[in-house]
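Asker: Sending over target14.txt (compact mmCIF, C-alpha atoms).
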# COMPACT_ATOMS: atom_id res chain seq x y z
CA MET A 69 0.00 0.00 0.00
CA ALA A 70 1.18 3.49 -0.87
CA THR A 71 1.14 6.01 1.96
CA LEU A 72 0.49 9.72 2.12
CA PRO A 73 3.53 12.02 2.02
CA ASN A 74 4.72 13.56 5.27
CA PRO A 75 4.36 17.35 5.21
CA LEU A 76 7.09 17.66 7.84
CA GLU A 77 9.52 16.36 5.21
CA LEU A 78 8.16 18.45 2.34
CA ARG A 79 7.42 21.84 3.87
CA THR A 80 10.17 24.04 5.27
CA PRO A 81 9.00 27.01 7.32
CA ASP A 82 11.07 30.17 6.92
CA HIS A 83 10.73 31.00 10.62
CA SER A 84 10.48 28.88 13.74
CA ILE A 85 6.92 27.70 14.50
CA GLU A 86 5.12 24.87 16.24
CA GLU A 87 5.35 21.73 14.14
CA LEU A 88 1.58 21.22 14.31
CA PHE A 89 0.93 24.07 11.84
CA ILE A 90 3.08 22.36 9.22
CA LYS A 91 1.75 18.91 9.99
CA ARG A 92 -1.84 19.91 9.16
CA TRP A 93 -2.63 19.55 5.47
CA SER A 94 -5.58 18.58 3.31
CA PRO A 95 -5.17 15.20 1.62
CA ARG A 96 -8.05 13.31 0.02
CA ALA A 97 -6.87 9.71 0.46
CA LEU A 98 -8.94 8.35 3.34
CA SER A 99 -9.22 4.79 4.60
CA GLY A 100 -12.96 4.58 5.28
CA ASP A 101 -12.32 3.59 8.89
CA ALA A 102 -14.66 4.92 11.55
CA ILE A 103 -13.74 7.81 13.85
CA THR A 104 -14.37 7.04 17.51
CA ALA A 105 -16.84 9.10 19.52
CA ALA A 106 -13.95 10.05 21.80
CA ALA A 107 -11.98 11.45 18.87
CA VAL A 108 -14.99 13.42 17.65
CA ASN A 109 -15.40 14.89 21.13
CA SER A 110 -11.75 15.95 21.13
CA LEU A 111 -12.20 17.75 17.81
CA PHE A 112 -15.13 19.82 19.05
CA GLU A 113 -13.51 20.32 22.43
CA ALA A 114 -10.58 22.01 20.69
CA ALA A 115 -12.97 24.21 18.70
CA ARG A 116 -14.78 25.11 21.91
CA TRP A 117 -11.81 26.99 23.37
CA ALA A 118 -11.35 29.47 20.53
CA PRO A 119 -11.94 33.15 21.26
CA SER A 120 -14.90 35.09 19.91
CA SER A 121 -16.29 38.60 20.10
CA PHE A 122 -17.87 38.99 23.58
CA ASN A 123 -17.21 35.25 24.03
CA GLU A 124 -20.35 34.67 21.94
CA GLN A 125 -19.17 31.23 20.72
CA GLU A 126 -21.44 31.55 17.71
CA TRP A 127 -20.06 28.44 15.98
CA ARG A 128 -22.34 25.42 15.57
CA PHE A 129 -21.19 22.08 14.21
CA LEU A 130 -23.51 19.41 12.82
CA TYR A 131 -21.97 16.07 11.92
CA ALA A 132 -22.57 12.48 10.87
CA HIS A 133 -20.55 9.30 11.36
CA ASN A 134 -20.20 7.24 8.20
CA GLU A 135 -22.36 4.39 9.47
CA SER A 136 -25.11 6.52 10.95
CA GLU A 137 -28.62 7.15 9.67
CA HIS A 138 -27.57 10.77 9.05
CA TRP A 139 -24.64 10.02 6.74
CA SER A 140 -26.45 10.23 3.42
CA THR A 141 -28.05 13.56 4.37
CA PHE A 142 -24.59 15.05 4.83
CA PHE A 143 -22.94 13.21 1.94
CA ASP A 144 -25.62 14.35 -0.51
CA LEU A 145 -24.77 18.00 0.19
CA LEU A 146 -21.33 17.63 -1.39
CA VAL A 147 -20.54 18.38 -5.01
CA GLU A 148 -19.66 15.28 -6.99
CA ALA A 149 -15.94 16.11 -7.08
CA ASN A 150 -15.91 15.92 -3.27
CA GLN A 151 -18.19 12.88 -3.04
CA LEU A 152 -15.64 10.91 -5.06
CA TRP A 153 -13.20 10.85 -2.15
CA CYS A 154 -15.42 11.80 0.83
CA LYS A 155 -17.09 8.41 0.58
CA ASN A 156 -14.11 7.21 2.62
CA ALA A 157 -14.42 9.85 5.33
CA GLY A 158 -15.23 8.72 8.85
CA VAL A 159 -17.17 11.85 9.76
CA LEU A 160 -18.65 14.71 7.75
CA ILE A 161 -19.23 18.07 9.44
CA VAL A 162 -21.12 21.17 8.35
CA VAL A 163 -19.86 24.33 10.05
CA PHE A 164 -22.47 27.00 10.78
CA SER A 165 -22.59 30.20 12.78
CA ARG A 166 -25.23 32.32 14.41
CA THR A 167 -25.26 35.68 12.61
CA THR A 168 -26.62 37.77 15.50
CA PHE A 169 -25.50 38.19 19.09
CA THR A 170 -27.44 36.20 21.67
CA ARG A 171 -26.91 39.07 24.12
CA ASN A 172 -28.74 41.76 22.16
CA GLY A 173 -29.97 40.35 18.83
CA LYS A 174 -27.75 42.72 16.83
CA PRO A 175 -25.79 41.52 13.77
CA ASN A 176 -22.46 39.96 14.68
CA SER A 177 -20.04 41.30 12.09
CA THR A 178 -17.33 38.79 13.00
CA HIS A 179 -19.40 35.58 13.01
CA GLU A 180 -17.66 34.15 9.94
CA PHE A 181 -14.22 35.17 11.17
CA ASP A 182 -14.76 33.84 14.70
CA THR A 183 -16.07 30.56 13.33
CA GLY A 184 -12.87 30.30 11.30
CA LEU A 185 -10.89 30.65 14.53
CA ALA A 186 -12.78 27.74 16.09
CA THR A 187 -12.57 25.59 12.98
CA GLN A 188 -8.79 25.97 12.80
CA ASN A 189 -8.56 24.61 16.35
CA LEU A 190 -10.63 21.63 15.22
CA MET A 191 -8.39 20.94 12.22
CA LEU A 192 -5.19 21.29 14.24
CA GLN A 193 -6.54 18.88 16.86
CA ALA A 194 -7.28 16.41 14.06
CA ALA A 195 -3.70 16.71 12.82
CA ALA A 196 -2.38 16.24 16.36
CA MET A 197 -4.34 12.96 16.53
CA GLY A 198 -3.04 11.74 13.16
CA LEU A 199 -6.39 12.29 11.48
CA VAL A 200 -7.04 13.99 8.17
CA SER A 201 -9.29 17.04 8.14
CA HIS A 202 -10.15 18.59 4.82
CA ALA A 203 -12.26 21.75 4.58
CA MET A 204 -14.47 22.11 1.51
CA ALA A 205 -16.36 25.02 -0.01
CA GLY A 206 -17.88 22.63 -2.57
CA PHE A 207 -21.30 21.84 -1.13
CA ASP A 208 -24.86 23.11 -1.48
CA ARG A 209 -25.22 25.82 1.16
CA GLY A 210 -28.94 26.41 0.69
CA GLN A 211 -29.67 22.69 0.77
CA SER A 212 -27.55 22.28 3.91
CA LYS A 213 -29.93 24.59 5.78
CA ARG A 214 -33.02 22.81 4.46
CA SER A 215 -31.78 19.22 4.91
CA LEU A 216 -30.49 19.86 8.41
CA ASN A 217 -33.46 21.97 9.59
CA VAL A 218 -31.24 24.96 10.30
CA PRO A 219 -33.29 27.97 11.40
CA ASP A 220 -33.02 31.49 10.00
CA GLY A 221 -30.18 33.41 11.56
CA PHE A 222 -27.60 30.67 11.04
CA GLU A 223 -25.36 30.41 8.00
CA PRO A 224 -23.10 27.61 6.71
CA HIS A 225 -19.42 28.20 5.96
CA CYS A 226 -17.81 24.95 4.95
CA MET A 227 -17.98 21.21 5.22
CA LEU A 228 -15.18 19.19 6.77
CA ALA A 229 -14.21 15.64 5.95
CA ILE A 230 -12.54 13.88 8.88
CA GLY A 231 -10.89 10.56 8.25
CA HIS A 232 -8.01 8.22 8.79
CA PRO A 233 -5.22 8.51 6.21
CA GLY A 234 -5.72 6.19 3.25
CA ASP A 235 -3.90 4.89 0.20
CA PRO A 236 -3.43 7.58 -2.47
CA ALA A 237 -3.21 4.85 -5.14
CA GLU A 238 -6.89 4.09 -4.54
CA LEU A 239 -8.00 7.60 -5.48
CA PRO A 240 -9.25 8.31 -9.02
CA GLU A 241 -6.13 8.79 -11.18
CA ASN A 242 -6.64 12.53 -11.73
CA TYR A 243 -6.76 13.06 -7.96
CA GLN A 244 -3.53 11.23 -7.17
CA GLY A 245 -1.27 14.08 -8.29
CA MET A 246 -2.94 16.39 -5.77
CA GLU A 247 -1.86 14.27 -2.82
CA THR A 248 1.09 16.42 -1.84
CA PRO A 249 1.17 19.21 0.75
CA SER A 250 0.65 22.62 -0.89
CA GLY A 251 3.10 25.51 -0.65
CA ARG A 252 2.46 29.06 0.43
CA LYS A 253 3.12 32.67 -0.56
CA GLN A 254 6.25 34.28 0.81
CA LEU A 255 5.84 36.08 4.14
CA PRO A 256 6.23 39.62 2.70
CA GLU A 257 3.26 38.87 0.44
CA ILE A 258 0.94 38.55 3.46
CA ALA A 259 2.47 40.66 6.27
CA ARG A 260 4.02 44.14 6.25
CA GLU A 261 4.86 46.76 8.82
CA GLY A 262 3.07 50.08 8.30
CA THR A 263 0.69 50.94 5.49
CA PHE A 264 -0.58 48.69 2.72
CA SER A 265 2.30 48.04 0.32
CA PHE A 266 1.47 44.62 -1.10
CA ASP A 267 1.80 44.16 -4.83
CA GLU A 268 -1.82 43.18 -5.59
CA MET B 2 4.41 42.23 41.19
CA ALA B 3 1.17 40.34 40.63
CA THR B 4 1.18 37.87 37.77
CA LEU B 5 -1.47 36.72 35.35
CA PRO B 6 -3.40 33.55 36.22
CA ASN B 7 -2.45 30.34 34.46
CA PRO B 8 -5.32 29.07 32.28
CA LEU B 9 -3.94 25.53 32.53
CA GLU B 10 -4.83 25.64 36.23
CA LEU B 11 -8.24 27.27 35.79
CA ARG B 12 -9.72 25.62 32.70
CA THR B 13 -10.57 21.94 32.61
CA PRO B 14 -11.35 20.51 29.19
CA ASP B 15 -14.08 17.87 29.14
CA HIS B 16 -12.24 15.85 26.47
CA SER B 17 -8.57 15.29 25.74
CA ILE B 18 -7.01 18.05 23.60
CA GLU B 19 -3.66 19.66 22.93
CA GLU B 20 -2.72 21.88 25.85
CA LEU B 21 -2.04 24.81 23.53
CA PHE B 22 -5.77 25.39 22.92
CA ILE B 23 -6.33 25.87 26.67
CA LYS B 24 -3.17 27.88 27.17
CA ARG B 25 -4.29 30.58 24.72
CA TRP B 26 -6.43 33.23 26.35
CA SER B 27 -6.99 36.96 26.07
CA PRO B 28 -5.63 38.94 29.00
CA ARG B 29 -5.13 42.71 28.93
CA ALA B 30 -2.22 43.08 31.35
CA LEU B 31 0.82 43.68 29.14
CA SER B 32 4.33 44.72 30.15
CA GLY B 33 5.10 47.22 27.41
CA ASP B 34 8.23 45.28 26.41
CA ALA B 35 9.10 45.10 22.73
CA ILE B 36 8.42 42.02 20.60
CA THR B 37 11.46 40.92 18.61
CA ALA B 38 11.36 40.84 14.83
CA ALA B 39 12.03 37.10 15.01
CA ALA B 40 8.94 36.59 17.18
CA VAL B 41 6.81 38.66 14.81
CA ASN B 42 8.03 36.54 11.91
CA SER B 43 7.08 33.38 13.77
CA LEU B 44 3.55 34.70 14.33
CA PHE B 45 2.98 35.38 10.64
CA GLU B 46 4.77 32.20 9.62
CA ALA B 47 2.20 30.23 11.63
CA ALA B 48 -0.65 32.13 9.96
CA ARG B 49 0.90 31.44 6.57
CA TRP B 50 0.31 27.68 6.78
CA ALA B 51 -3.44 27.79 7.31
CA PRO B 52 -5.68 26.33 4.62
CA SER B 53 -7.88 28.45 2.36
CA SER B 54 -10.31 27.94 -0.48
CA PHE B 55 -8.22 27.16 -3.60
CA ASN B 56 -5.15 27.97 -1.47
CA GLU B 57 -5.95 31.63 -2.12
CA GLN B 58 -4.25 32.81 1.10
CA GLU B 59 -6.37 35.93 1.04
CA TRP B 60 -5.28 37.11 4.52
CA ARG B 61 -3.17 40.26 4.81
CA PHE B 62 -1.62 41.50 8.04
CA LEU B 63 -0.44 45.06 8.65
CA TYR B 64 1.37 45.75 11.88
CA ALA B 65 3.38 48.24 13.92
CA HIS B 66 5.99 47.79 16.64
CA ASN B 67 5.42 50.01 19.66
CA GLU B 68 8.52 52.14 19.02
CA SER B 69 8.03 52.54 15.28
CA GLU B 70 6.89 55.57 13.32
CA HIS B 71 3.71 53.62 12.47
CA TRP B 72 2.59 52.95 16.04
CA SER B 73 0.32 55.96 16.51
CA THR B 74 -1.45 55.28 13.21
CA PHE B 75 -2.44 51.83 14.49
CA PHE B 76 -3.06 52.87 18.09
CA ASP B 77 -5.40 55.68 17.03
CA LEU B 78 -7.70 53.16 15.31
CA LEU B 79 -8.63 51.56 18.64
CA VAL B 80 -11.64 52.55 20.72
CA GLU B 81 -10.68 54.20 23.99
CA ALA B 82 -11.55 51.12 26.06
CA ASN B 83 -8.89 49.21 24.15
CA GLN B 84 -6.34 52.05 24.10
CA LEU B 85 -6.35 52.00 27.89
CA TRP B 86 -4.50 48.69 27.97
CA CYS B 87 -3.10 48.41 24.40
CA LYS B 88 -0.65 51.20 25.21
CA ASN B 89 1.45 48.40 26.71
CA ALA B 90 1.29 46.11 23.67
CA GLY B 91 4.51 45.36 21.82
CA VAL B 92 2.87 45.05 18.42
CA LEU B 93 -0.53 46.00 17.03
CA ILE B 94 -1.88 44.17 13.99
CA VAL B 95 -4.84 44.86 11.71
CA VAL B 96 -6.13 41.73 9.98
CA PHE B 97 -7.51 42.20 6.46
CA SER B 98 -8.58 39.93 3.65
CA ARG B 99 -8.95 40.19 -0.09
CA THR B 100 -12.65 39.75 -0.89
CA THR B 101 -12.22 38.39 -4.44
CA PHE B 102 -10.22 35.51 -5.84
CA THR B 103 -6.92 36.44 -7.48
CA ARG B 104 -7.46 33.58 -9.94
CA ASN B 105 -10.70 34.85 -11.49
CA GLY B 106 -11.78 38.08 -9.81
CA LYS B 107 -14.98 36.50 -8.48
CA PRO B 108 -16.22 37.11 -4.91
CA ASN B 109 -14.61 34.80 -2.38
CA SER B 110 -17.45 33.78 -0.07
CA THR B 111 -15.09 32.34 2.54
CA HIS B 112 -12.60 35.19 2.84
CA GLU B 113 -13.65 36.09 6.38
CA PHE B 114 -13.77 32.46 7.47
CA ASP B 115 -10.40 31.58 5.91
CA THR B 116 -8.80 34.63 7.49
CA GLY B 117 -10.11 33.40 10.83
CA LEU B 118 -8.32 30.09 10.23
CA ALA B 119 -5.02 31.90 9.65
CA THR B 120 -5.49 34.24 12.59
CA GLN B 121 -6.07 31.36 14.98
CA ASN B 122 -2.72 29.90 13.95
CA LEU B 123 -1.14 33.26 14.74
CA MET B 124 -2.72 33.44 18.19
CA LEU B 125 -1.81 29.87 19.05
CA GLN B 126 1.79 30.50 18.00
CA ALA B 127 1.82 33.54 20.30
CA ALA B 128 0.59 31.38 23.19
CA ALA B 129 3.25 28.76 22.40
CA MET B 130 5.91 31.47 22.72
CA GLY B 131 4.52 32.76 26.02
CA LEU B 132 3.15 35.91 24.43
CA VAL B 133 -0.28 37.41 24.89
CA SER B 134 -2.47 37.86 21.83
CA HIS B 135 -5.80 39.59 22.22
CA ALA B 136 -8.20 39.98 19.30
CA MET B 137 -10.39 43.06 19.29
CA ALA B 138 -13.49 44.08 17.36
CA GLY B 139 -13.33 47.53 18.96
CA PHE B 140 -11.61 49.66 16.33
CA ASP B 141 -12.61 51.99 13.48
CA ARG B 142 -12.88 49.76 10.42
CA GLY B 143 -13.42 52.53 7.90
CA GLN B 144 -10.57 54.58 9.31
CA SER B 145 -8.28 51.53 9.24
CA LYS B 146 -8.66 51.39 5.47
CA ARG B 147 -8.05 55.11 5.05
CA SER B 148 -5.15 55.44 7.49
CA LEU B 149 -3.35 52.38 6.14
CA ASN B 150 -4.00 53.11 2.43
CA VAL B 151 -5.88 49.84 1.98
CA PRO B 152 -7.31 49.57 -1.55
CA ASP B 153 -10.87 48.63 -2.44
CA GLY B 154 -11.40 44.89 -2.40
CA PHE B 155 -9.83 44.39 1.02
CA GLU B 156 -11.76 44.40 4.28
CA PRO B 157 -10.65 44.54 7.93
CA HIS B 158 -11.76 41.93 10.45
CA CYS B 159 -10.06 42.60 13.75
CA MET B 160 -7.10 44.13 15.46
CA LEU B 161 -4.70 42.08 17.53
CA ALA B 162 -2.63 43.24 20.45
CA ILE B 163 0.53 41.20 20.91
CA GLY B 164 2.53 41.66 24.07
CA HIS B 165 4.48 40.21 26.92
CA PRO B 166 2.41 39.34 30.00
CA GLY B 167 2.20 42.21 32.47
CA ASP B 168 1.06 43.00 35.97
CA PRO B 169 -2.74 42.92 36.35
CA ALA B 170 -2.47 45.27 39.34
CA GLU B 171 -1.33 48.01 36.96
CA LEU B 172 -4.52 47.88 34.90
CA PRO B 173 -7.33 50.38 35.62
CA GLU B 174 -9.28 49.00 38.58
CA ASN B 175 -12.42 48.12 36.61
CA TYR B 176 -10.29 46.00 34.23
CA GLN B 177 -8.57 43.93 36.89
CA GLY B 178 -11.56 41.66 37.50
CA MET B 179 -11.54 40.62 33.84
CA GLU B 180 -8.04 39.16 34.08
CA THR B 181 -9.16 35.57 34.38
CA PRO B 182 -9.51 33.00 31.59
CA SER B 183 -13.10 32.83 30.36
CA GLY B 184 -15.23 29.67 30.34
CA ARG B 185 -17.15 28.12 27.47
CA LYS B 186 -20.53 26.66 26.58
CA GLN B 187 -20.99 22.93 27.07
CA LEU B 188 -20.09 20.77 24.08
CA PRO B 189 -23.72 19.77 23.27
CA GLU B 190 -24.51 23.47 22.89
CA ILE B 191 -22.15 23.76 19.91
CA ALA B 192 -21.93 20.29 18.32
CA ARG B 193 -24.64 17.71 17.55
CA GLU B 194 -24.92 14.65 15.34
CA GLY B 195 -27.65 14.89 12.71
CA THR B 196 -30.04 17.77 12.18
CA PHE B 197 -30.14 21.09 14.02
CA SER B 198 -31.41 20.47 17.57
CA PHE B 199 -29.73 23.23 19.56
CA ASP B 200 -31.89 25.13 22.01
CA GLU B 201 -31.46 28.62 20.55
Could you rewrite the structure in this file as C-alpha cells?

Answerer:
Amino acid sequence: MATLPNPLELRTPDHSIEELFIKRWSPRALSGDAITAAAVNSLFEAARWAPSSFNEQEWRFLYAHNESEHWSTFFDLLVEANQLWCKNAGVLIVVFSRTTFTRNGKPNSTHEFDTGLATQNLMLQAAAMGLVSHAMAGFDRGQSKRSLNVPDGFEPHCMLAIGHPGDPAELPENYQGMETPSGRKQLPEIAREGTFSFDE
Amino acid sequence: MATLPNPLELRTPDHSIEELFIKRWSPRALSGDAITAAAVNSLFEAARWAPSSFNEQEWRFLYAHNESEHWSTFFDLLVEANQLWCKNAGVLIVVFSRTTFTRNGKPNSTHEFDTGLATQNLMLQAAAMGLVSHAMAGFDRGQSKRSLNVPDGFEPHCMLAIGHPGDPAELPENYQGMETPSGRKQLPEIAREGTFSFDE
C-alpha cells in the first residue's frame, strides 16, 4: 500500500513555529475507517476553546458518522468532485454560525471570522491525533440549511471531511497528483509593517 | 508584582485536547516590552500555513511595533476602552482579507472564514511562545482602510494586540476583575450529530 507524504519532510517554514501548523494539510486519500466518539469529542472540544467577540461562541457544528442514519443527508450536500473521495471519510461536518449576538440580537459582524478561529482549532486537533481534516467550499449551502433543519439566523461556511489517512493509489487517477502538501506565498506577500504596500 | 493567572490551572477541558488550545487566552495586562522581529516573523509564519479555499491565502496583516513611526497610526484606530491597555502592547496588527479571488476576480465567499483560520494559527503561535495575543473588534474599520492606504477589495476583520504578559495590578481597577480565563458553553450546545437540535 502506498502512503500519504509527510508534510514535515516536504514543507520548510522560513521562521520557527510549532510543528503542528506544518503537519496539518488537506489530503483526500482516506481509509474509510470509523472515527471514535472520543476522537470526535476531542475535535469539538478544541474548537470550543477558541476566542470570539464577547465570548459569543457563535459556531455550531452538525456532523454524521459514516455508518449513521444521518450520513447520506450530509454526503448528498457535497458536489460530486468531493463525493468521489469523501465516501471514505469517517465523519462529515457542516460548520455554521449564528449571525446575531445572543446578548442583544444585533448583527455579529465577525461571526464568519470567529467561526474560522474555532474551525482551525478543530483541524489542528485532528492533525495532532493523526487524522485527516479537509475543509471544503464545494457543497450546497442552501440545501444544507433545508436538509439539516437549520433555522433562520444561522449560516453555513464549509464542510469538513474527517478521516483516517488512506492509500493515495486508490483515489481516481486525476486526484492522485494532488496528494502532496501545498506551498504558500512568501511572508512579505501577506504581512508588512506600516501601510498597505502589497503588490496586488 | 502580581502575575497573570495560568489558564492551565483554571480551565478543565471535558475531552482530551492539545494543551495549547487551553493555554491561549486573552488577557489585557501587558508589560510594554518590545516584541522581537524574530517573534513577529514566527507569528505570521504560523498564519501562513493555514488552509484556504483554492489555497488563495487571502489574509493580509499590517502591523506596527510600539517604538516605530507607524505605532500611533495603528493605536489611534482603537476605541478608547482598548487604548487604555493596548498602550502596553509590543505590536498592534490589523487583519484584512482580499474579498475576491486572485485567480478569477470573483467574490470569495469564505474570505472572512479563511482569514479566521489563519489568525487562529497566529494566536496559538503567540501562546506557544509565552506571548499574549488579544483579538479586538473595537476599532474603526473605515478609518483603518483610510489610514493604512488599503485599496478597495480588502476588508478589515479585527485588530490584535501582541505583548508580553504584564502585571494585572497596573490595569485600571475596573479592568482587573476581567483578568481571568473565560469559560465556554458545554459541548452539546455547539456540536450535535444529525439535524439542528440546539436550544437557541

Asker: Please report the interatomic distance between atom CA of Ala196 of chain A and atom CA of Arg92 of chain A in Å with one decimal.

Answerer: 8.1 Å

Asker: Neighbouring residues of Gln244 of chain A were defined as those with any atom within 12 Å, considering only C-alpha atoms; residues of the same chain fewer than 2 positions away were excluded. Please report them as a list in words.

Answerer: Ala70, Thr71, Leu72, Pro73, Pro95, Arg96, Ala97, Trp153, Gly234, Asp235, Pro236, Ala237, Glu238, Leu239, Pro240, Glu241, Asn242, Met246, Glu247 and Thr248 of chain A

Asker: Taking 4 positions as the minimum chain separation for residues in the same chain, which residues sit within 9 Å of Ala40 of chain B when counting all atoms listed in the file? Answer as a list in words.

Answerer: His83 and Ser84 of chain A; Ile36, Leu44, Phe45, Ala127 and Met130 of chain B

Asker: Which distance in Å separates atom CA of Glu124 of chain A and atom CA of Asp115 of chain B, to one decimal?

Answerer: 19.1 Å

Asker: Which value, in Å to one decimal, gives the distance between atom CA of Arg166 of chain A and atom CA of Ser215 of chain A?

Answerer: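 Computing the Euclidean distance for atom CA of Arg166 of chain A and atom CA of Ser215 of chain A yields 17.5 Å.
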
Asker: Please determine the contact residues of chain B with respect to chain A at a cut-off of 7 Å, counting only C-alpha atoms, and supply them as a PyMOL selection string.

Answerer: chain B and resi 16-19+22-23+42-43+45-47+49-50+54+60-65+71+111+113-118+120-121+126+138+149-151+158+185+188+191-197

Asker: Would you compute an axis-aligned box for segment 38-48 of chain B, covering every atom listed for it in the file with 6 Å of margin on each side, and report centre and edge lengths in Å to one decimal as JSON?

Answerer:
{"center_x": 5.7, "center_y": 35.5, "center_z": 13.4, "size_x": 24.7, "size_y": 22.6, "size_z": 19.6}

Asker: Determine the nearest neighbour of Ala38 of chain B from the options B:Thr13, B:Asn109, B:Gln84, B:Asn67, counting only C-alpha atoms.

Answerer: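 Looking at the shortest contact to Ala38 of chain B, the residue is B:Asn67.
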
Asker: Since the input lacks atoms, please generate N, CA and C atoms for segment 169-180 of chain A and provide them as a PDB file, in the coordinates of the input.

Answerer:
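What follows is the written file result.pdb:
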ATOM      1  N   PHE A 169     -25.900  38.421  17.707  1.00  0.00           N
ATOM      2  CA  PHE A 169     -25.500  38.190  19.090  1.00  0.00           C
ATOM      3  C   PHE A 169     -26.676  37.695  19.925  1.00  0.00           C
ATOM      4  N   THR A 170     -26.430  36.679  20.734  1.00  0.00           N
ATOM      5  CA  THR A 170     -27.440  36.200  21.670  1.00  0.00           C
ATOM      6  C   THR A 170     -27.777  37.301  22.684  1.00  0.00           C
ATOM      7  N   ARG A 171     -26.750  38.082  23.055  1.00  0.00           N
ATOM      8  CA  ARG A 171     -26.910  39.070  24.120  1.00  0.00           C
ATOM      9  C   ARG A 171     -27.853  40.217  23.780  1.00  0.00           C
ATOM     10  N   ASN A 172     -27.905  40.602  22.484  1.00  0.00           N
ATOM     11  CA  ASN A 172     -28.740  41.760  22.160  1.00  0.00           C
ATOM     12  C   ASN A 172     -29.442  41.669  20.798  1.00  0.00           C
ATOM     13  N   GLY A 173     -29.285  40.539  20.107  1.00  0.00           N
ATOM     14  CA  GLY A 173     -29.970  40.350  18.830  1.00  0.00           C
ATOM     15  C   GLY A 173     -29.385  41.136  17.665  1.00  0.00           C
ATOM     16  N   LYS A 174     -28.336  41.907  17.910  1.00  0.00           N
ATOM     17  CA  LYS A 174     -27.750  42.720  16.830  1.00  0.00           C
ATOM     18  C   LYS A 174     -26.852  41.860  15.944  1.00  0.00           C
ATOM     19  N   PRO A 175     -26.666  42.295  14.669  1.00  0.00           N
ATOM     20  CA  PRO A 175     -25.790  41.520  13.770  1.00  0.00           C
ATOM     21  C   PRO A 175     -24.380  41.402  14.353  1.00  0.00           C
ATOM     22  N   ASN A 176     -23.816  40.232  14.217  1.00  0.00           N
ATOM     23  CA  ASN A 176     -22.460  39.960  14.680  1.00  0.00           C
ATOM     24  C   ASN A 176     -21.534  40.006  13.462  1.00  0.00           C
ATOM     25  N   SER A 177     -20.809  41.101  13.324  1.00  0.00           N
ATOM     26  CA  SER A 177     -20.040  41.300  12.090  1.00  0.00           C
ATOM     27  C   SER A 177     -18.836  40.370  11.991  1.00  0.00           C
ATOM     28  N   THR A 178     -18.491  39.684  13.064  1.00  0.00           N
ATOM     29  CA  THR A 178     -17.330  38.790  13.000  1.00  0.00           C
ATOM     30  C   THR A 178     -17.722  37.310  13.102  1.00  0.00           C
ATOM     31  N   HIS A 179     -18.992  36.983  12.802  1.00  0.00           N
ATOM     32  CA  HIS A 179     -19.400  35.580  13.010  1.00  0.00           C
ATOM     33  C   HIS A 179     -18.654  34.621  12.085  1.00  0.00           C
ATOM     34  N   GLU A 180     -18.380  35.048  10.842  1.00  0.00           N
ATOM     35  CA  GLU A 180     -17.660  34.150   9.940  1.00  0.00           C
ATOM     36  C   GLU A 180     -16.200  34.006  10.390  1.00  0.00           C
TER      37      GLU A 180
END
